[in-house]
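Structure file run16.tsv; described as TSV, C-alpha atoms.
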chain	number	residue	atom	x	y	z
W	1	MET	CA	134.78	-2.62	55.66
W	2	ASP	CA	135.19	-0.80	58.95
W	3	GLU	CA	132.74	-0.97	61.82
W	4	LYS	CA	131.20	2.39	61.08
W	5	THR	CA	130.48	1.65	57.44
W	6	ARG	CA	129.06	-1.75	58.26
W	7	THR	CA	126.58	-0.55	60.87
W	8	ARG	CA	125.56	2.62	59.13
W	9	VAL	CA	122.18	2.35	57.43
W	10	GLY	CA	122.08	5.91	56.16
W	11	GLY	CA	121.15	9.18	57.77
W	12	PRO	CA	122.97	11.52	60.14
W	13	GLU	CA	126.06	10.33	62.05
W	14	ASP	CA	124.76	11.38	65.47
W	15	PRO	CA	122.01	8.95	66.51
W	16	ARG	CA	120.20	11.71	68.35
W	17	VAL	CA	119.90	13.80	65.19
W	18	GLY	CA	118.51	10.78	63.38
W	19	LEU	CA	116.02	9.98	66.12
W	20	GLU	CA	114.89	13.58	66.40
W	21	ALA	CA	114.32	13.64	62.65
W	22	VAL	CA	111.94	10.70	63.11
W	23	VAL	CA	109.98	12.57	65.76
W	24	ALA	CA	109.85	15.73	63.64
W	25	LEU	CA	108.73	13.75	60.61
W	26	ARG	CA	106.03	11.90	62.58
W	27	ARG	CA	104.58	15.17	63.89
W	28	THR	CA	104.72	16.70	60.43
W	29	LEU	CA	103.16	13.62	58.86
W	30	GLU	CA	100.18	13.79	61.23
W	31	ALA	CA	99.66	17.46	60.37
W	32	LEU	CA	100.04	16.77	56.67
W	33	GLU	CA	97.53	13.91	56.73
W	34	ALA	CA	94.99	16.10	58.52
W	35	ALA	CA	95.48	18.87	55.95
W	36	GLN	CA	95.32	16.62	52.88
W	37	VAL	CA	92.23	14.76	54.09
W	38	GLU	CA	90.58	18.10	54.76
W	39	ASN	CA	91.54	19.33	51.28
W	40	ALA	CA	90.08	16.19	49.70
W	41	PHE	CA	86.87	16.55	51.69
W	42	VAL	CA	86.49	20.17	50.66
W	43	ALA	CA	87.11	19.14	47.05
W	44	GLY	CA	84.06	16.92	47.35
W	45	TRP	CA	85.71	13.53	47.82
W	46	SER	CA	83.78	10.87	49.74
W	47	TRP	CA	85.30	9.23	52.83
W	48	ALA	CA	85.43	5.98	50.84
W	49	ARG	CA	87.45	7.54	48.06
W	50	ILE	CA	89.83	9.28	50.48
W	51	ALA	CA	90.30	5.97	52.32
W	52	GLU	CA	91.01	4.13	49.06
W	53	VAL	CA	93.86	6.44	48.15
W	54	LEU	CA	95.27	6.37	51.68
W	55	GLY	CA	95.08	2.58	51.59
W	56	VAL	CA	93.10	2.26	54.80
W	57	SER	CA	89.50	1.45	55.70
W	58	ARG	CA	86.76	4.03	55.35
W	59	GLN	CA	86.03	3.57	59.06
W	60	ALA	CA	89.62	4.37	59.99
W	61	VAL	CA	89.62	7.64	58.03
W	62	HIS	CA	86.20	8.60	59.33
W	63	LYS	CA	87.15	7.89	62.94
W	64	LYS	CA	90.33	9.91	62.72
W	65	HIS	CA	89.15	12.92	60.72
W	66	ALA	CA	85.37	13.23	60.40
W	67	ALA	CA	84.58	15.00	63.68
W	68	ARG	CA	87.27	17.62	63.19
W	69	ILE	CA	86.44	18.34	59.57
W	70	LYS	CA	82.67	18.35	60.00
W	71	ALA	CA	83.03	20.78	62.90
W	72	ARG	CA	85.06	23.03	60.66
W	73	TYR	CA	82.61	22.83	57.75
W	74	PRO	CA	79.10	22.71	59.19
W	75	GLY	CA	76.52	21.90	56.52
W	76	GLN	CA	77.85	21.56	52.99
W	77	PRO	CA	81.49	22.51	52.65
W	78	PRO	CA	82.54	24.51	49.59
W	79	GLY	CA	82.79	22.38	46.45
W	80	ARG	CA	81.19	19.37	48.10
W	81	LYS	CA	78.39	17.79	46.06
W	82	ARG	CA	75.17	16.74	47.67
W	83	ARG	CA	74.62	12.99	47.59
W	84	GLY	CA	72.59	11.90	44.56
W	85	LEU	CA	73.31	14.96	42.46
M	1	MET	CA	101.00	13.05	87.91
M	2	ILE	CA	100.56	14.22	91.49
M	3	PHE	CA	99.54	17.83	91.91
M	4	THR	CA	99.93	17.93	95.71
M	5	ARG	CA	101.42	21.16	96.97
M	6	PHE	CA	101.68	22.66	93.51
M	7	THR	CA	100.93	26.37	93.73
M	8	ASP	CA	98.04	27.70	91.63
M	9	ARG	CA	100.58	29.25	89.32
M	10	SER	CA	102.68	26.15	88.79
M	11	ARG	CA	99.54	24.08	88.17
M	12	GLU	CA	98.46	26.73	85.67
M	13	SER	CA	101.87	26.55	83.98
M	14	VAL	CA	101.56	22.78	83.53
M	15	GLU	CA	98.08	23.18	82.06
M	16	ALA	CA	99.43	25.87	79.73
M	17	ALA	CA	102.28	23.50	78.82
M	18	PHE	CA	99.75	20.95	77.56
M	19	GLU	CA	98.14	23.64	75.42
M	20	GLU	CA	101.55	24.66	74.03
M	21	ALA	CA	102.36	21.02	73.28
M	22	ARG	CA	99.10	20.55	71.38
M	23	MET	CA	99.64	23.76	69.46
M	24	LEU	CA	103.07	22.56	68.28
M	25	GLY	CA	101.76	19.13	67.31
M	26	HIS	CA	103.65	17.33	70.08
M	27	ASP	CA	102.18	13.89	70.74
M	28	SER	CA	103.57	13.98	74.26
M	29	LEU	CA	104.27	16.79	76.72
M	30	GLY	CA	107.98	17.54	76.41
M	31	ASP	CA	110.22	19.29	78.91
M	32	GLU	CA	110.42	22.17	76.42
M	33	ASP	CA	106.63	22.43	76.66
M	34	LEU	CA	106.92	22.76	80.44
M	35	LEU	CA	109.29	25.66	79.74
M	36	LEU	CA	106.76	27.25	77.36
M	37	GLY	CA	104.06	26.74	80.00
M	38	ILE	CA	106.12	28.67	82.56
M	39	LEU	CA	106.66	31.45	80.03
M	40	SER	CA	102.96	31.71	79.32
M	41	VAL	CA	101.89	32.38	82.93
M	42	ASP	CA	101.85	36.09	83.54
M	43	ARG	CA	103.97	36.28	86.69
M	44	GLY	CA	106.36	34.35	88.87
M	45	ILE	CA	110.02	33.99	89.76
M	46	ALA	CA	110.62	31.43	87.02
M	47	ARG	CA	109.07	33.55	84.30
M	48	ASP	CA	110.98	36.62	85.50
M	49	ALA	CA	114.26	34.68	85.68
M	50	LEU	CA	113.77	33.59	82.07
M	51	ALA	CA	112.62	37.03	80.89
M	52	SER	CA	115.66	38.73	82.43
M	53	SER	CA	117.84	36.16	80.63
M	54	GLY	CA	116.23	37.24	77.37
M	55	VAL	CA	113.87	34.27	76.99
M	56	THR	CA	110.32	35.18	75.96
M	57	LEU	CA	107.36	32.96	75.10
M	58	GLU	CA	107.43	34.07	71.46
M	59	GLY	CA	111.18	33.55	71.21
M	60	ALA	CA	111.02	30.08	72.74
M	61	ARG	CA	108.12	29.04	70.49
M	62	GLU	CA	110.07	30.17	67.46
M	63	GLU	CA	113.12	28.27	68.65
M	64	SER	CA	111.03	25.13	69.12
M	65	GLU	CA	109.81	25.40	65.53
M	66	ALA	CA	113.37	26.05	64.36
M	67	MET	CA	114.44	22.80	66.10
M	68	LEU	CA	111.70	20.89	64.26
M	69	SER	CA	112.74	22.50	61.00
M	70	GLY	CA	116.40	21.68	61.68
M	71	ALA	CA	115.59	18.04	62.49
M	72	LEU	CA	113.72	17.70	59.19
M	73	ALA	CA	116.53	19.43	57.30
M	74	SER	CA	118.99	16.83	58.67
M	75	ILE	CA	117.20	14.20	56.57
M	76	GLY	CA	116.73	16.46	53.58
M	77	VAL	CA	113.16	17.61	54.21
M	78	SER	CA	112.39	21.30	53.98
M	79	PHE	CA	109.70	22.29	56.46
M	80	GLU	CA	109.34	25.64	54.72
M	81	ASP	CA	108.65	24.00	51.34
M	82	LEU	CA	106.26	21.56	52.92
M	83	ASN	CA	104.42	24.32	54.74
M	84	ARG	CA	104.07	26.24	51.50
M	85	GLU	CA	103.00	23.30	49.34
M	86	ALA	CA	100.51	21.76	51.76
M	87	GLY	CA	98.14	24.72	51.62
M	88	GLU	CA	96.14	26.62	54.17
M	89	ALA	CA	94.76	23.56	55.93
M	90	PHE	CA	98.25	22.56	57.08
M	91	GLU	CA	98.90	23.32	60.73
M	92	MET	CA	100.97	21.50	63.31
M	93	ARG	CA	98.31	21.80	66.02
M	94	ILE	CA	96.88	18.52	67.27
M	95	THR	CA	93.29	18.76	66.17
M	96	ASP	CA	91.56	15.93	67.96
M	97	ASP	CA	90.81	15.99	71.68
M	98	ARG	CA	92.88	12.99	72.75
M	99	ARG	CA	94.93	13.44	75.92
M	100	ILE	CA	98.64	13.52	75.37
M	101	PRO	CA	100.93	11.86	77.93
M	102	TYR	CA	103.93	13.30	79.76
M	103	SER	CA	107.21	12.54	77.98
M	104	PRO	CA	109.92	10.79	80.03
M	105	LEU	CA	111.90	14.04	80.17
M	106	ALA	CA	108.89	16.00	81.43
M	107	LYS	CA	108.27	13.38	84.11
M	108	LYS	CA	111.90	13.55	85.13
M	109	ALA	CA	111.74	17.34	85.32
M	110	LEU	CA	108.71	17.21	87.65
M	111	ILE	CA	110.37	14.58	89.83
M	112	GLU	CA	113.46	16.81	90.04
M	113	ALA	CA	111.18	19.77	90.81
M	114	ARG	CA	109.85	17.91	93.83
M	115	LYS	CA	113.40	17.16	94.97
M	116	GLU	CA	114.21	20.86	94.66
M	117	THR	CA	111.38	21.77	97.05
M	118	LYS	CA	112.85	19.34	99.62
M	119	ARG	CA	116.38	20.57	99.03
M	120	LEU	CA	115.33	24.20	99.49
M	121	GLY	CA	113.03	23.41	102.41
M	122	ASP	CA	109.99	24.88	100.63
M	123	ASN	CA	106.53	23.61	101.49
M	124	TYR	CA	105.12	24.43	98.07
M	125	LEU	CA	106.03	23.51	94.51
M	126	GLY	CA	106.18	26.71	92.48
M	127	THR	CA	107.14	27.52	88.89
M	128	GLU	CA	110.73	28.12	90.03
M	129	HIS	CA	110.96	24.51	91.21
M	130	VAL	CA	109.55	23.28	87.91
M	131	LEU	CA	112.12	25.41	86.09
M	132	LEU	CA	114.96	24.08	88.26
M	133	GLY	CA	113.69	20.57	87.53
M	134	ILE	CA	113.74	21.31	83.79
M	135	LEU	CA	117.30	22.64	84.05
M	136	ARG	CA	118.42	19.37	85.70
M	137	ASN	CA	117.83	17.56	82.38
M	138	GLU	CA	121.26	18.57	81.13
M	139	ASP	CA	120.71	16.82	77.84
M	140	GLY	CA	117.01	17.64	77.67
M	141	THR	CA	115.18	19.40	74.88
M	142	ALA	CA	114.48	22.48	77.02
M	143	VAL	CA	118.13	22.96	77.98
M	144	ARG	CA	119.17	22.57	74.35
M	145	LEU	CA	116.47	25.03	73.30
M	146	LEU	CA	117.79	27.55	75.85
M	147	ALA	CA	121.36	26.94	74.65
M	148	ARG	CA	120.27	27.84	71.11
M	149	MET	CA	119.03	31.13	72.58
M	150	GLY	CA	122.43	31.65	74.18
M	151	VAL	CA	121.24	30.88	77.71
M	152	THR	CA	122.90	28.36	80.02
M	153	PRO	CA	121.21	26.57	82.94
M	154	GLU	CA	123.70	28.25	85.30
M	155	VAL	CA	122.61	31.75	84.26
M	156	VAL	CA	118.91	30.96	84.72
M	157	GLU	CA	119.55	29.25	88.05
M	158	ASP	CA	121.51	32.26	89.34
M	159	ARG	CA	118.63	34.53	88.31
M	160	ILE	CA	116.13	32.30	90.12
M	161	PHE	CA	118.07	32.50	93.38
M	162	GLU	CA	118.61	36.26	93.05
M	163	LEU	CA	114.88	36.76	92.60
M	164	ARG	CA	114.10	34.41	95.48
M	165	ASP	CA	116.44	36.28	97.79
M	166	ARG	CA	114.93	39.58	96.74
M	167	ALA	CA	111.41	38.26	97.35
M	168	ALA	CA	112.43	37.05	100.82
M	169	GLU	CA	113.78	40.46	101.89
Step by step, read the file and then write its structure as structure tokens.
Amino acid sequence: MDEKTRTRVGGPEDPRVGLEAVVALRRTLEALEAAQVENAFVAGWSWARIAEVLGVSRQAVHKKHAARIKARYPGQPPGRKRRGL
Amino acid sequence: MIFTRFTDRSRESVEAAFEEARMLGHDSLGDEDLLLGILSVDRGIARDALASSGVTLEGAREESEAMLSGALASIGVSFEDLNREAGEAFEMRITDDRRIPYSPLAKKALIEARKETKRLGDNYLGTEHVLLGILRNEDGTAVRLLARMGVTPEVVEDRIFELRDRAAE
């Protein structure tokens, strides 16, 4: 086994390309999380249920996304059920 | 970061750079964002030097997105597919109001910009110094972005000094 094969853990040969892919993926992941949480909220999901699927605490989801989403959907967002109905 | 002796325009370009960074979902201010900031101020030697080299704000923004897309493609992720599948709510913009820090390359560019003012004997730090500072990061994101647009640091630098000379006449 030569040096290159032994140290290679997969991914592009040029370390910079690999590292830049990480940065690009991280930025995209943040954007994707924001979008999917927003979609779930609009579909009527509770913060607790969203948090459950994401595998984090309700507080964590609320802290990260609630202000942004509530500002975007003042009052009742489309499709969202009123509590108790 | 110290703003001493920055001209109004160069300060404005750095503020615009932060806005560009947020819009592109950058979690720190990159040297390419400083470049976008310069391009988004309406006047100035730096902006004119870039414009006459064929670099526009729109073009540079597109190139920045193409670099993100290319980086994702290198690990088998299609940004275009993702963008399509994620729905309307998907946008790269940073949506919360947290402050993003300067990246190491952006810091380096501004330190180099200050050195350029000393080297040129200028008592102000204008957008042209910021641009020269950016160009000093030979391996930086901004220089690589410009290279993708077919523009070398040498060409831009020559344009800067031509425009400076003309302004001094």
Once you count all atoms listed in the file, which residues end up no further than 10 Å from (110.2, 35.3, 79.8) in the file's frame, shown as a PDB file with C-alpha atoms, in the frame of the given file?
ATOM      1  CA  LEU M  35     109.290  25.660  79.740  1.00  0.00           C
ATOM      2  CA  LEU M  36     106.760  27.250  77.360  1.00  0.00           C
ATOM      3  CA  ILE M  38     106.120  28.670  82.560  1.00  0.00           C
ATOM      4  CA  LEU M  39     106.660  31.450  80.030  1.00  0.00           C
ATOM      5  CA  SER M  40     102.960  31.710  79.320  1.00  0.00           C
ATOM      6  CA  VAL M  41     101.890  32.380  82.930  1.00  0.00           C
ATOM      7  CA  ASP M  42     101.850  36.090  83.540  1.00  0.00           C
ATOM      8  CA  ARG M  43     103.970  36.280  86.690  1.00  0.00           C
ATOM      9  CA  GLY M  44     106.360  34.350  88.870  1.00  0.00           C
ATOM     10  CA  ALA M  46     110.620  31.430  87.020  1.00  0.00           C
ATOM     11  CA  ARG M  47     109.070  33.550  84.300  1.00  0.00           C
ATOM     12  CA  ASP M  48     110.980  36.620  85.500  1.00  0.00           C
ATOM     13  CA  ALA M  49     114.260  34.680  85.680  1.00  0.00           C
ATOM     14  CA  LEU M  50     113.770  33.590  82.070  1.00  0.00           C
ATOM     15  CA  ALA M  51     112.620  37.030  80.890  1.00  0.00           C
ATOM     16  CA  SER M  52     115.660  38.730  82.430  1.00  0.00           C
ATOM     17  CA  SER M  53     117.840  36.160  80.630  1.00  0.00           C
ATOM     18  CA  GLY M  54     116.230  37.240  77.370  1.00  0.00           C
ATOM     19  CA  VAL M  55     113.870  34.270  76.990  1.00  0.00           C
ATOM     20  CA  THR M  56     110.320  35.180  75.960  1.00  0.00           C
ATOM     21  CA  LEU M  57     107.360  32.960  75.100  1.00  0.00           C
ATOM     22  CA  GLU M  58     107.430  34.070  71.460  1.00  0.00           C
ATOM     23  CA  GLY M  59     111.180  33.550  71.210  1.00  0.00           C
ATOM     24  CA  ALA M  60     111.020  30.080  72.740  1.00  0.00           C
TER      25      ALA M  60
END
Pull the closest atom pair for each residue of chain W that gets at most 9 Å from chain M, along with the distance in Å to one decimal, counting all atoms listed in the file, ordering rows by chain and then ascending residue number, as CSV.
residue,atom,partner,partner_atom,distance
W:Gly11,CA,M:Ile75,CA,6.5
W:Pro12,CA,M:Ser74,CA,6.8
W:Val17,CA,M:Ala71,CA,6.6
W:Gly18,CA,M:Ser74,CA,7.7
W:Leu19,CA,M:Ala71,CA,8.9
W:Glu20,CA,M:Ala71,CA,6.0
W:Ala21,CA,M:Ala71,CA,4.6
W:Val22,CA,M:Leu72,CA,8.2
W:Val23,CA,M:Ala71,CA,8.5
W:Ala24,CA,M:Leu68,CA,5.5
W:Leu25,CA,M:Leu72,CA,6.5
W:Arg27,CA,M:Gly25,CA,5.9
W:Thr28,CA,M:Met92,CA,6.7
W:Glu30,CA,M:Met92,CA,8.0
W:Ala31,CA,M:Met92,CA,5.2
W:Leu32,CA,M:Phe90,CA,6.1
W:Glu33,CA,M:Phe90,CA,8.7
W:Ala34,CA,M:Phe90,CA,7.4
W:Ala35,CA,M:Ala89,CA,4.7
W:Gln36,CA,M:Ala86,CA,7.4
W:Glu38,CA,M:Ala89,CA,7.0
W:Asn39,CA,M:Ala89,CA,7.1
W:Lys64,CA,M:Asp96,CA,8.1
W:His65,CA,M:Asp96,CA,8.2
W:Ala67,CA,M:Asp96,CA,8.2
W:Arg68,CA,M:Asp96,CA,6.6
Notebook entry, point to check: What does the distance between atom CA of M:Tyr102 and atom CA of M:Gly30 come to in Å, to one decimal place?
Noted result: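 That distance, rounded to one decimal, is 6.8 Å.
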Item checked: Neighbours of point (86.9, 7.1, 50.8) within 12 Å, using all atoms listed in the file, written as a list of chain:residue names ->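 The residues that fall inside the cut-off are W:Val37, W:Ala40, W:Phe41, W:Gly44, W:Trp45, W:Ser46, W:Trp47, W:Ala48, W:Arg49, W:Ile50, W:Ala51, W:Glu52, W:Val53, W:Leu54, W:Gly55, W:Val56, W:Ser57, W:Arg58, W:Gln59, W:Ala60, W:Val61, W:His62, W:His65, W:Ala66.
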Next item on the list: With a distance cut-off of 12 Å and all atoms listed in the file, select the neighbouring residues of M:Glu138, excluding the residue or stretch itself and same-chain residues fewer than 6 positions from it, and output the selection as a ChimeraX atom specification.
Entry: /M:31,105,108-109,112,132,144-147,152-154
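The space separating atom CA of M:Ala16 from atom CA of M:Ala106 comes to 13.8 Å.
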Next item on the list: To one decimal in Å, tell me the separation between atom CA of M:Ala21 and atom CA of W:Asp14.
Entry: 25.6 Å
Next item on the list: Have a look at M:Arg11, M:Glu63, M:Asp139, M:Ile134 and name the one nearest to M:Glu157; count all atoms listed in the file.
Entry: M:Ile134
